[in-house]
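Visitor: Below is the file input-v3.cif, with mmCIF, C-alpha atoms.
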data_entry
loop_
_atom_site.label_atom_id
_atom_site.label_comp_id
_atom_site.auth_asym_id
_atom_site.auth_seq_id
_atom_site.Cartn_x
_atom_site.Cartn_y
_atom_site.Cartn_z
CA MET D 1 -21.68 -19.93 0.82
CA GLY D 2 -24.79 -21.30 2.58
CA GLY D 3 -23.18 -21.09 6.02
CA MET D 4 -22.41 -17.40 5.72
CA SER D 5 -24.62 -14.76 7.25
CA ALA D 6 -26.25 -12.10 5.10
CA ASP D 7 -23.91 -9.46 6.55
CA ASN D 8 -20.85 -11.55 5.71
CA ILE D 9 -22.09 -12.02 2.15
CA HIS D 10 -22.58 -8.26 1.81
CA GLY D 11 -19.09 -7.67 3.19
CA LEU D 12 -17.60 -10.25 0.82
CA VAL D 13 -19.25 -8.67 -2.24
CA LEU D 14 -18.07 -5.20 -1.18
CA ALA D 15 -14.53 -6.44 -0.55
CA LEU D 16 -14.36 -8.13 -3.94
CA SER D 17 -15.70 -4.99 -5.62
CA SER D 18 -13.11 -2.94 -3.75
CA SER D 19 -10.26 -5.11 -5.04
CA ILE D 20 -11.48 -4.80 -8.63
CA PHE D 21 -11.74 -1.00 -8.48
CA ILE D 22 -8.45 -0.49 -6.63
CA GLY D 23 -6.53 -2.95 -8.81
CA SER D 24 -7.85 -1.27 -11.95
CA SER D 25 -7.04 2.19 -10.60
CA PHE D 26 -3.30 1.47 -10.63
CA ILE D 27 -3.41 0.75 -14.36
CA ILE D 28 -5.72 3.63 -15.27
CA LYS D 29 -3.66 6.12 -13.26
CA LYS D 30 -0.42 4.90 -14.79
CA LYS D 31 -1.95 5.32 -18.25
CA GLY D 32 -2.63 8.95 -17.35
CA LEU D 33 0.89 9.36 -15.94
CA MET D 34 2.38 7.98 -19.15
CA ASN D 35 0.33 10.39 -21.27
CA ALA D 36 1.30 13.29 -19.01
CA GLY D 37 4.98 12.33 -19.15
CA ALA D 38 4.89 12.36 -22.95
CA THR D 39 3.76 15.99 -23.07
CA GLY D 40 5.09 17.51 -19.84
CA ILE D 41 7.25 16.92 -16.78
CA ARG D 42 6.92 13.42 -15.39
CA ALA D 43 5.63 12.88 -11.83
CA GLY D 44 8.85 11.03 -11.04
CA SER D 45 10.74 14.24 -11.86
CA GLY D 46 8.51 16.41 -9.70
CA GLY D 47 5.94 17.39 -12.32
CA TYR D 48 2.19 17.66 -11.81
CA SER D 49 1.00 17.71 -15.41
CA TYR D 50 -0.90 14.47 -14.71
CA LEU D 51 -3.52 16.61 -12.97
CA LYS D 52 -4.68 17.66 -16.45
CA GLU D 53 -5.05 14.06 -17.63
CA PRO D 54 -8.60 12.59 -17.72
CA TRP D 55 -7.15 9.07 -17.41
CA TRP D 56 -5.43 9.95 -14.13
CA TRP D 57 -8.65 11.40 -12.71
CA ALA D 58 -10.56 8.31 -13.87
CA GLY D 59 -8.05 6.22 -11.96
CA MET D 60 -8.53 8.41 -8.90
CA VAL D 61 -12.31 7.94 -9.10
CA SER D 62 -11.82 4.19 -9.39
CA MET D 63 -9.52 4.18 -6.35
CA ILE D 64 -11.96 6.28 -4.29
CA ILE D 65 -14.86 3.97 -5.16
CA GLY D 66 -12.70 1.01 -4.17
CA GLU D 67 -11.69 2.57 -0.86
CA VAL D 68 -15.31 3.47 -0.05
CA ALA D 69 -16.38 -0.11 -0.81
CA ASN D 70 -13.55 -1.43 1.34
CA PHE D 71 -14.56 0.86 4.21
CA ALA D 72 -18.16 -0.28 3.91
CA ALA D 73 -17.09 -3.93 3.86
CA TYR D 74 -15.65 -3.59 7.34
CA ALA D 75 -19.05 -2.41 8.56
CA TYR D 76 -20.60 -5.74 7.53
CA ALA D 77 -17.91 -8.40 7.77
CA PRO D 78 -15.03 -9.05 10.19
CA ALA D 79 -11.51 -7.97 9.29
CA ILE D 80 -10.42 -11.60 9.10
CA LEU D 81 -12.65 -11.96 6.02
CA VAL D 82 -12.18 -8.55 4.38
CA THR D 83 -8.46 -7.81 4.74
CA PRO D 84 -7.02 -10.86 2.89
CA LEU D 85 -9.22 -10.09 -0.11
CA GLY D 86 -7.24 -6.87 -0.60
CA ALA D 87 -4.53 -9.05 -2.12
CA LEU D 88 -6.77 -9.61 -5.13
CA SER D 89 -6.10 -6.02 -6.19
CA MET D 90 -2.44 -6.76 -6.89
CA ILE D 91 -3.34 -9.79 -8.99
CA ILE D 92 -5.80 -7.70 -10.99
CA SER D 93 -3.13 -5.01 -11.45
CA ALA D 94 -0.59 -7.54 -12.72
CA VAL D 95 -3.05 -9.07 -15.20
CA LEU D 96 -4.25 -5.72 -16.53
CA ALA D 97 -0.68 -4.41 -16.77
CA HIS D 98 0.23 -7.46 -18.83
CA TYR D 99 -2.50 -6.76 -21.38
CA PHE D 100 -2.82 -2.97 -21.40
CA LEU D 101 0.62 -1.63 -20.42
CA ASP D 102 2.71 -4.36 -22.05
CA GLU D 103 4.53 -4.96 -18.75
CA ARG D 104 5.91 -8.49 -18.47
CA LEU D 105 6.37 -10.23 -15.12
CA HIS D 106 9.11 -12.88 -15.00
CA ILE D 107 8.14 -16.36 -13.82
CA PHE D 108 10.10 -15.88 -10.59
CA GLY D 109 8.25 -12.61 -10.11
CA VAL D 110 5.01 -14.59 -10.32
CA ILE D 111 6.34 -16.94 -7.63
CA GLY D 112 7.31 -13.89 -5.57
CA CYS D 113 3.76 -12.54 -5.88
CA ALA D 114 2.39 -15.89 -4.74
CA LEU D 115 4.72 -15.97 -1.72
CA CYS D 116 3.74 -12.40 -0.79
CA LEU D 117 0.09 -13.32 -1.08
CA VAL D 118 0.43 -16.48 1.03
CA GLY D 119 2.54 -14.76 3.70
CA SER D 120 0.27 -11.74 4.00
CA THR D 121 -2.84 -13.91 4.14
CA THR D 122 -1.24 -16.05 6.86
CA ILE D 123 -0.52 -13.00 9.00
CA VAL D 124 -3.97 -11.49 8.54
CA LEU D 125 -5.80 -14.75 9.23
CA HIS D 126 -3.87 -15.35 12.45
CA ALA D 127 -3.67 -11.76 13.68
CA PRO D 128 -5.61 -11.11 16.89
CA GLN D 129 -8.92 -9.31 16.73
CA GLU D 130 -8.92 -5.57 17.43
CA ILE D 131 -10.54 -4.23 20.57
CA GLN D 132 -14.01 -2.92 19.78
CA VAL D 133 -14.19 0.84 20.33
CA LYS D 134 -17.41 2.83 20.65
CA SER D 135 -16.33 6.47 20.66
CA VAL D 136 -13.69 8.80 19.31
CA LYS D 137 -12.49 9.47 22.84
CA GLU D 138 -11.60 5.80 23.25
CA ILE D 139 -9.41 5.92 20.14
CA TRP D 140 -7.87 9.16 21.40
CA PHE D 141 -6.97 7.33 24.62
CA PHE D 142 -5.29 4.52 22.65
CA ALA D 143 -3.55 6.96 20.28
CA THR D 144 -2.04 9.01 23.10
CA ALA D 145 -0.70 5.99 24.98
CA PRO D 146 3.14 5.99 25.26
CA GLY D 147 3.58 2.89 23.09
CA PHE D 148 1.71 4.25 20.07
CA LEU D 149 3.17 7.73 20.47
CA VAL D 150 6.65 6.20 20.20
CA TYR D 151 5.62 4.25 17.09
CA ALA D 152 4.07 7.34 15.47
CA CYS D 153 7.19 9.42 16.19
CA ILE D 154 9.46 6.73 14.72
CA VAL D 155 7.29 6.57 11.59
CA LEU D 156 7.34 10.35 11.10
CA ILE D 157 11.11 10.53 11.66
CA VAL D 158 11.81 7.67 9.22
CA VAL D 159 9.48 9.21 6.61
CA GLY D 160 11.20 12.58 7.03
CA ILE D 161 14.63 10.99 6.53
CA LEU D 162 13.42 9.11 3.46
CA ILE D 163 11.91 12.24 1.90
CA TYR D 164 14.76 14.68 2.54
CA ARG D 165 17.75 12.34 2.42
CA TYR D 166 17.05 9.27 0.31
CA VAL D 167 14.40 10.34 -2.23
CA PRO D 168 16.80 12.76 -4.01
CA LEU D 169 19.54 10.10 -4.11
CA TYR D 170 17.77 6.79 -4.63
CA GLY D 171 14.09 7.53 -5.28
CA GLY D 172 14.35 6.85 -9.00
CA THR D 173 16.27 3.57 -8.64
CA HIS D 174 15.03 1.94 -5.44
CA LEU D 175 11.34 1.01 -5.29
CA VAL D 176 11.36 0.60 -1.51
CA ILE D 177 11.90 4.36 -0.99
CA TYR D 178 8.61 5.55 -2.49
CA VAL D 179 6.62 2.52 -1.39
CA GLY D 180 8.12 2.70 2.09
CA ILE D 181 6.89 6.27 2.52
CA CYS D 182 3.39 5.30 1.36
CA SER D 183 3.27 2.22 3.59
CA LEU D 184 4.59 3.89 6.73
CA MET D 185 2.14 6.76 6.41
CA GLY D 186 -0.56 4.29 5.45
CA SER D 187 -0.30 2.56 8.82
CA LEU D 188 -1.09 5.88 10.53
CA THR D 189 -3.78 6.70 7.96
CA VAL D 190 -5.71 3.53 8.82
CA MET D 191 -5.79 4.52 12.48
CA CYS D 192 -7.21 7.91 11.46
CA VAL D 193 -9.74 6.22 9.17
CA LYS D 194 -10.94 4.11 12.08
CA ALA D 195 -11.37 7.20 14.26
CA VAL D 196 -13.22 9.21 11.59
CA GLY D 197 -15.30 6.18 10.59
CA ILE D 198 -16.44 5.61 14.16
CA ALA D 199 -17.23 9.31 14.49
CA MET D 200 -19.41 9.21 11.35
CA LYS D 201 -21.14 5.98 12.34
CA LEU D 202 -21.99 7.26 15.82
CA SER D 203 -23.05 10.64 14.44
CA PHE D 204 -25.46 9.01 11.99
CA SER D 205 -26.92 6.98 14.85
CA GLY D 206 -27.68 10.14 16.81
CA SER D 207 -24.55 10.66 18.93
CA ASN D 208 -22.77 13.63 17.35
CA GLN D 209 -19.01 13.09 17.57
CA PHE D 210 -18.06 16.20 15.62
CA ILE D 211 -18.49 18.36 18.68
CA TYR D 212 -15.21 16.94 19.99
CA PHE D 213 -11.88 18.38 18.86
CA GLN D 214 -10.45 14.84 18.62
CA THR D 215 -12.67 14.11 15.63
CA TRP D 216 -11.48 17.17 13.73
CA PHE D 217 -7.86 16.46 14.69
CA PHE D 218 -8.08 12.94 13.24
CA THR D 219 -9.85 14.33 10.14
CA VAL D 220 -7.11 16.88 9.41
CA LEU D 221 -4.42 14.24 9.89
CA LEU D 222 -6.32 11.87 7.62
CA PHE D 223 -6.41 14.29 4.68
CA GLY D 224 -2.78 15.28 5.18
CA PHE D 225 -1.58 11.67 5.26
CA ILE D 226 -3.65 10.75 2.20
CA LEU D 227 -2.23 13.63 0.13
CA LEU D 228 1.32 12.65 1.09
CA GLN D 229 0.69 9.03 0.17
CA LEU D 230 -0.85 9.95 -3.20
CA ASN D 231 2.12 12.14 -4.09
CA TYR D 232 4.69 9.39 -3.59
CA LEU D 233 2.47 6.65 -4.97
CA ASN D 234 2.26 8.66 -8.21
CA LYS D 235 6.05 8.91 -8.29
CA ALA D 236 6.35 5.15 -7.78
CA LEU D 237 3.81 4.36 -10.51
CA ASP D 238 5.56 6.72 -12.93
CA THR D 239 8.99 5.20 -12.28
CA PHE D 240 8.59 1.45 -11.70
CA ASN D 241 6.76 -1.56 -13.09
CA THR D 242 3.16 -1.71 -11.88
CA ALA D 243 3.24 -5.49 -11.46
CA VAL D 244 6.07 -5.05 -8.93
CA ILE D 245 4.65 -2.01 -7.12
CA SER D 246 1.31 -3.65 -6.28
CA PRO D 247 2.58 -6.71 -4.34
CA VAL D 248 5.39 -4.84 -2.56
CA TYR D 249 3.01 -2.07 -1.51
CA TYR D 250 0.46 -4.62 -0.36
CA VAL D 251 3.02 -6.52 1.71
CA MET D 252 4.53 -3.47 3.40
CA PHE D 253 1.21 -1.72 3.96
CA THR D 254 -0.47 -4.82 5.42
CA SER D 255 2.46 -5.66 7.69
CA LEU D 256 2.86 -2.12 9.03
CA THR D 257 -0.88 -1.67 9.50
CA ILE D 258 -1.10 -4.85 11.56
CA LEU D 259 1.92 -3.72 13.58
CA ALA D 260 0.38 -0.30 14.23
CA SER D 261 -2.93 -1.90 15.22
CA MET D 262 -1.20 -4.30 17.61
CA ILE D 263 0.70 -1.46 19.27
CA MET D 264 -2.28 0.87 19.47
CA PHE D 265 -4.83 -1.66 20.72
CA LYS D 266 -2.37 -4.02 22.51
CA ASN D 267 -3.73 -7.08 20.71
CA TRP D 268 -0.66 -9.17 21.59
CA ASP D 269 -1.90 -9.58 25.19
CA HIS D 270 -4.31 -12.29 24.04
CA GLN D 271 -1.99 -14.24 21.71
CA ASN D 272 -0.59 -17.70 22.34
CA ALA D 273 2.67 -19.24 21.13
CA SER D 274 1.01 -20.92 18.14
CA GLN D 275 -0.35 -17.63 16.82
CA ILE D 276 2.99 -15.87 17.25
CA ILE D 277 4.91 -18.63 15.45
CA THR D 278 2.38 -18.63 12.61
CA GLU D 279 2.71 -14.85 12.20
CA LEU D 280 6.51 -15.08 12.19
CA SER D 281 6.26 -17.74 9.48
CA GLY D 282 4.05 -15.40 7.49
CA PHE D 283 6.63 -12.62 7.77
CA VAL D 284 9.40 -14.95 6.54
CA THR D 285 7.23 -15.90 3.57
CA ILE D 286 6.58 -12.25 2.78
CA PHE D 287 10.25 -11.35 2.95
CA SER D 288 11.10 -14.26 0.64
CA GLY D 289 8.52 -13.11 -1.89
CA THR D 290 9.74 -9.51 -1.72
CA PHE D 291 13.32 -10.68 -2.28
CA LEU D 292 12.28 -12.59 -5.39
CA LEU D 293 10.36 -9.61 -6.73
CA HIS D 294 13.30 -7.25 -6.31
CA LYS D 295 15.83 -9.67 -7.78
CA THR D 296 13.77 -10.57 -10.84
CA LYS D 297 12.02 -7.27 -11.70
CA ASP D 298 14.70 -6.35 -14.27
CA MET D 299 15.17 -9.83 -15.75
CA ALA D 300 14.51 -9.63 -19.47
CA THR D 301 12.43 -12.19 -21.29
CA PRO D 302 14.37 -14.44 -23.69
CA THR D 303 14.88 -12.93 -27.11
CA THR D 304 16.01 -14.29 -30.46
CA GLU D 305 18.81 -11.80 -31.01
CA SER D 306 21.85 -13.17 -32.79
CA PRO D 307 25.10 -14.02 -30.96
CA LYS D 308 26.83 -11.23 -32.84
CA LEU D 309 24.28 -8.68 -31.62
CA SER D 310 24.47 -10.03 -28.08
CA THR D 311 28.25 -9.77 -28.11
CA SER D 312 28.05 -6.23 -29.43
CA SER D 313 25.52 -5.26 -26.76
CA THR D 314 27.67 -6.81 -24.04
CA ARG D 315 30.76 -4.98 -25.30
CA SER D 316 28.81 -1.72 -25.37
CA ARG D 317 27.62 -2.21 -21.79
CA ASN D 318 31.15 -3.06 -20.65
CA GLU D 319 32.53 0.06 -22.33
CA SER D 320 29.83 2.18 -20.67
CA ALA D 321 30.62 0.67 -17.28
CA THR D 322 34.33 1.39 -17.81
CA ARG D 323 33.60 5.02 -18.65
CA LEU D 324 31.44 5.32 -15.50
CA GLU D 325 34.23 3.88 -13.34
CA LEU D 326 36.72 6.33 -14.83
#
What is this structure when it is put down as structure tokens?

Guide:
Amino acid sequence: MGGMSADNIHGLVLALSSSIFIGSSFIIKKKGLMNAGATGIRAGSGGYSYLKEPWWWAGMVSMIIGEVANFAAYAYAPAILVTPLGALSMIISAVLAHYFLDERLHIFGVIGCALCLVGSTTIVLHAPQEIQVKSVKEIWFFATAPGFLVYACIVLIVVGILIYRYVPLYGGTHLVIYVGICSLMGSLTVMCVKAVGIAMKLSFSGSNQFIYFQTWFFTVLLFGFILLQLNYLNKALDTFNTAVISPVYYVMFTSLTILASMIMFKNWDHQNASQIITELSGFVTIFSGTFLLHKTKDMATPTTESPKLSTSSTRSRNESATRLEL
């Protein structure tokens, strides 16, 4: 670490701390959701009894601390150093879930996590650098460009369709519905975070950015997007295995955020063929890992049940399937 600057070391420490707090928050919040579900209406069924659970609020505090640390890390170190370290949060979540929530991840699920991690890291490390912006008005200019407006409209339309059409039908059985909503909105949230962050940084340095309506517009959008994400992230945590949610959310969120950043800041103008091919390879790796995670999330660990019991269980499942078909 001798070749690293002091700022990079500070950014690295903050990024590592962020991963620990965010990864832990998934487990703590799910503990609160489980307690709330045992005494009231589960979040996955539309209930909000988790708001009375101290564990859930502890998880929220942990997540906020992690997000603040992550935001601060970007002020010290470049994105190429900070962003890949976010993958550590999903590893921490999987390990803690194994010990504290008794959630088991199949060996192929572990391989899927590794593929997701490698693919996402490949994309982040080879993604072009963002254009440096120095005022909220510059971000407003980028955000109102035709290309990004089209992307934002597509995201909002897709999220609306998912919420009103597919959540009632498949929300409880298909992980991608809840996580897709969080990830799509997350890509827009990051753009708002950048705008508000620049406004705060410039304001602290003496150039007040809160006199412009653009700053307040981005701030209102930021809080609205965050609340929407939290709502559906709670539903996902209450319904599916934490060890599966973390990597899938990381993959989708990272990919969509990079896509939104490329569209908004037109980073692709400075890419060469080698970078593009490397990024495409990263996407293929991510998709392979996601496929493994989805296909193995319900695989049971080997048990010692007797052949007679297994036969009886199989017959029972077949009879249930027959009744459903009828």

Visitor: Convert the output of the PyMOL selection byres ((chain D and resi 110) around 10) on the shown file into explicit residues, formatted as number ranges by chain.

Guide: D: 91, 94, 105-109, 111-116, 243-244, 289, 292-293, 296

Visitor: Just how far from atom CA of D:Gly119 is atom CA of D:Val251, in Å to one decimal?

Guide: 8.5 Å

Visitor: Report as a short mmCIF file (atom, residue, chain, number, x, y, z; two decimals) with C-alpha atoms, in the coordinates of the input the residues that result from applying the PyMOL selection byres ((chain D and resi 212) around 12) to the structure here.

Guide:
data_model
loop_
_atom_site.label_atom_id
_atom_site.label_comp_id
_atom_site.auth_asym_id
_atom_site.auth_seq_id
_atom_site.Cartn_x
_atom_site.Cartn_y
_atom_site.Cartn_z
CA SER D 135 -16.33 6.47 20.66
CA VAL D 136 -13.69 8.80 19.31
CA LYS D 137 -12.49 9.47 22.84
CA TRP D 140 -7.87 9.16 21.40
CA ALA D 195 -11.37 7.20 14.26
CA VAL D 196 -13.22 9.21 11.59
CA ALA D 199 -17.23 9.31 14.49
CA SER D 203 -23.05 10.64 14.44
CA SER D 207 -24.55 10.66 18.93
CA ASN D 208 -22.77 13.63 17.35
CA GLN D 209 -19.01 13.09 17.57
CA PHE D 210 -18.06 16.20 15.62
CA ILE D 211 -18.49 18.36 18.68
CA PHE D 213 -11.88 18.38 18.86
CA GLN D 214 -10.45 14.84 18.62
CA THR D 215 -12.67 14.11 15.63
CA TRP D 216 -11.48 17.17 13.73
CA PHE D 217 -7.86 16.46 14.69
CA PHE D 218 -8.08 12.94 13.24
CA THR D 219 -9.85 14.33 10.14
#

Visitor: What residues have an atom no more than 12 Å from (12.2, -0.2, -3.1) in the file's own frame, counting only C-alpha atoms, and can you write them as a count of residues only?

Guide: 34

Visitor: Using Å and a single decimal, report how far atom CA of D:Lys52 sits from atom CA of D:Asn35.

Guide: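 One can read the atom CA of D:Asn35 to atom CA of D:Lys52 distance as 10.1 Å.
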
Visitor: What does the structure give for the distance between atom CA of D:Ile163 and atom CA of D:Leu228, in Å to one decimal?

Guide: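 A separation of 10.6 Å between them.
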
Visitor: Kindly resolve the PyMOL selection byres ((chain D and resi 278) around 12) on the present coordinates and return the residues as a PyMOL selection string.

Guide: chain D and resi 118-128+271-277+279-285

Visitor: Those residues with C-alpha atoms, as an mmCIF file, in the frame of the given file please?

Guide:
data_model
loop_
_atom_site.group_PDB
_atom_site.id
_atom_site.type_symbol
_atom_site.label_atom_id
_atom_site.label_comp_id
_atom_site.auth_asym_id
_atom_site.auth_seq_id
_atom_site.Cartn_x
_atom_site.Cartn_y
_atom_site.Cartn_z
ATOM 1 C CA VAL D 118 0.430 -16.480 1.030
ATOM 2 C CA GLY D 119 2.540 -14.760 3.700
ATOM 3 C CA SER D 120 0.270 -11.740 4.000
ATOM 4 C CA THR D 121 -2.840 -13.910 4.140
ATOM 5 C CA THR D 122 -1.240 -16.050 6.860
ATOM 6 C CA ILE D 123 -0.520 -13.000 9.000
ATOM 7 C CA VAL D 124 -3.970 -11.490 8.540
ATOM 8 C CA LEU D 125 -5.800 -14.750 9.230
ATOM 9 C CA HIS D 126 -3.870 -15.350 12.450
ATOM 10 C CA ALA D 127 -3.670 -11.760 13.680
ATOM 11 C CA PRO D 128 -5.610 -11.110 16.890
ATOM 12 C CA GLN D 271 -1.990 -14.240 21.710
ATOM 13 C CA ASN D 272 -0.590 -17.700 22.340
ATOM 14 C CA ALA D 273 2.670 -19.240 21.130
ATOM 15 C CA SER D 274 1.010 -20.920 18.140
ATOM 16 C CA GLN D 275 -0.350 -17.630 16.820
ATOM 17 C CA ILE D 276 2.990 -15.870 17.250
ATOM 18 C CA ILE D 277 4.910 -18.630 15.450
ATOM 19 C CA GLU D 279 2.710 -14.850 12.200
ATOM 20 C CA LEU D 280 6.510 -15.080 12.190
ATOM 21 C CA SER D 281 6.260 -17.740 9.480
ATOM 22 C CA GLY D 282 4.050 -15.400 7.490
ATOM 23 C CA PHE D 283 6.630 -12.620 7.770
ATOM 24 C CA VAL D 284 9.400 -14.950 6.540
ATOM 25 C CA THR D 285 7.230 -15.900 3.570
#
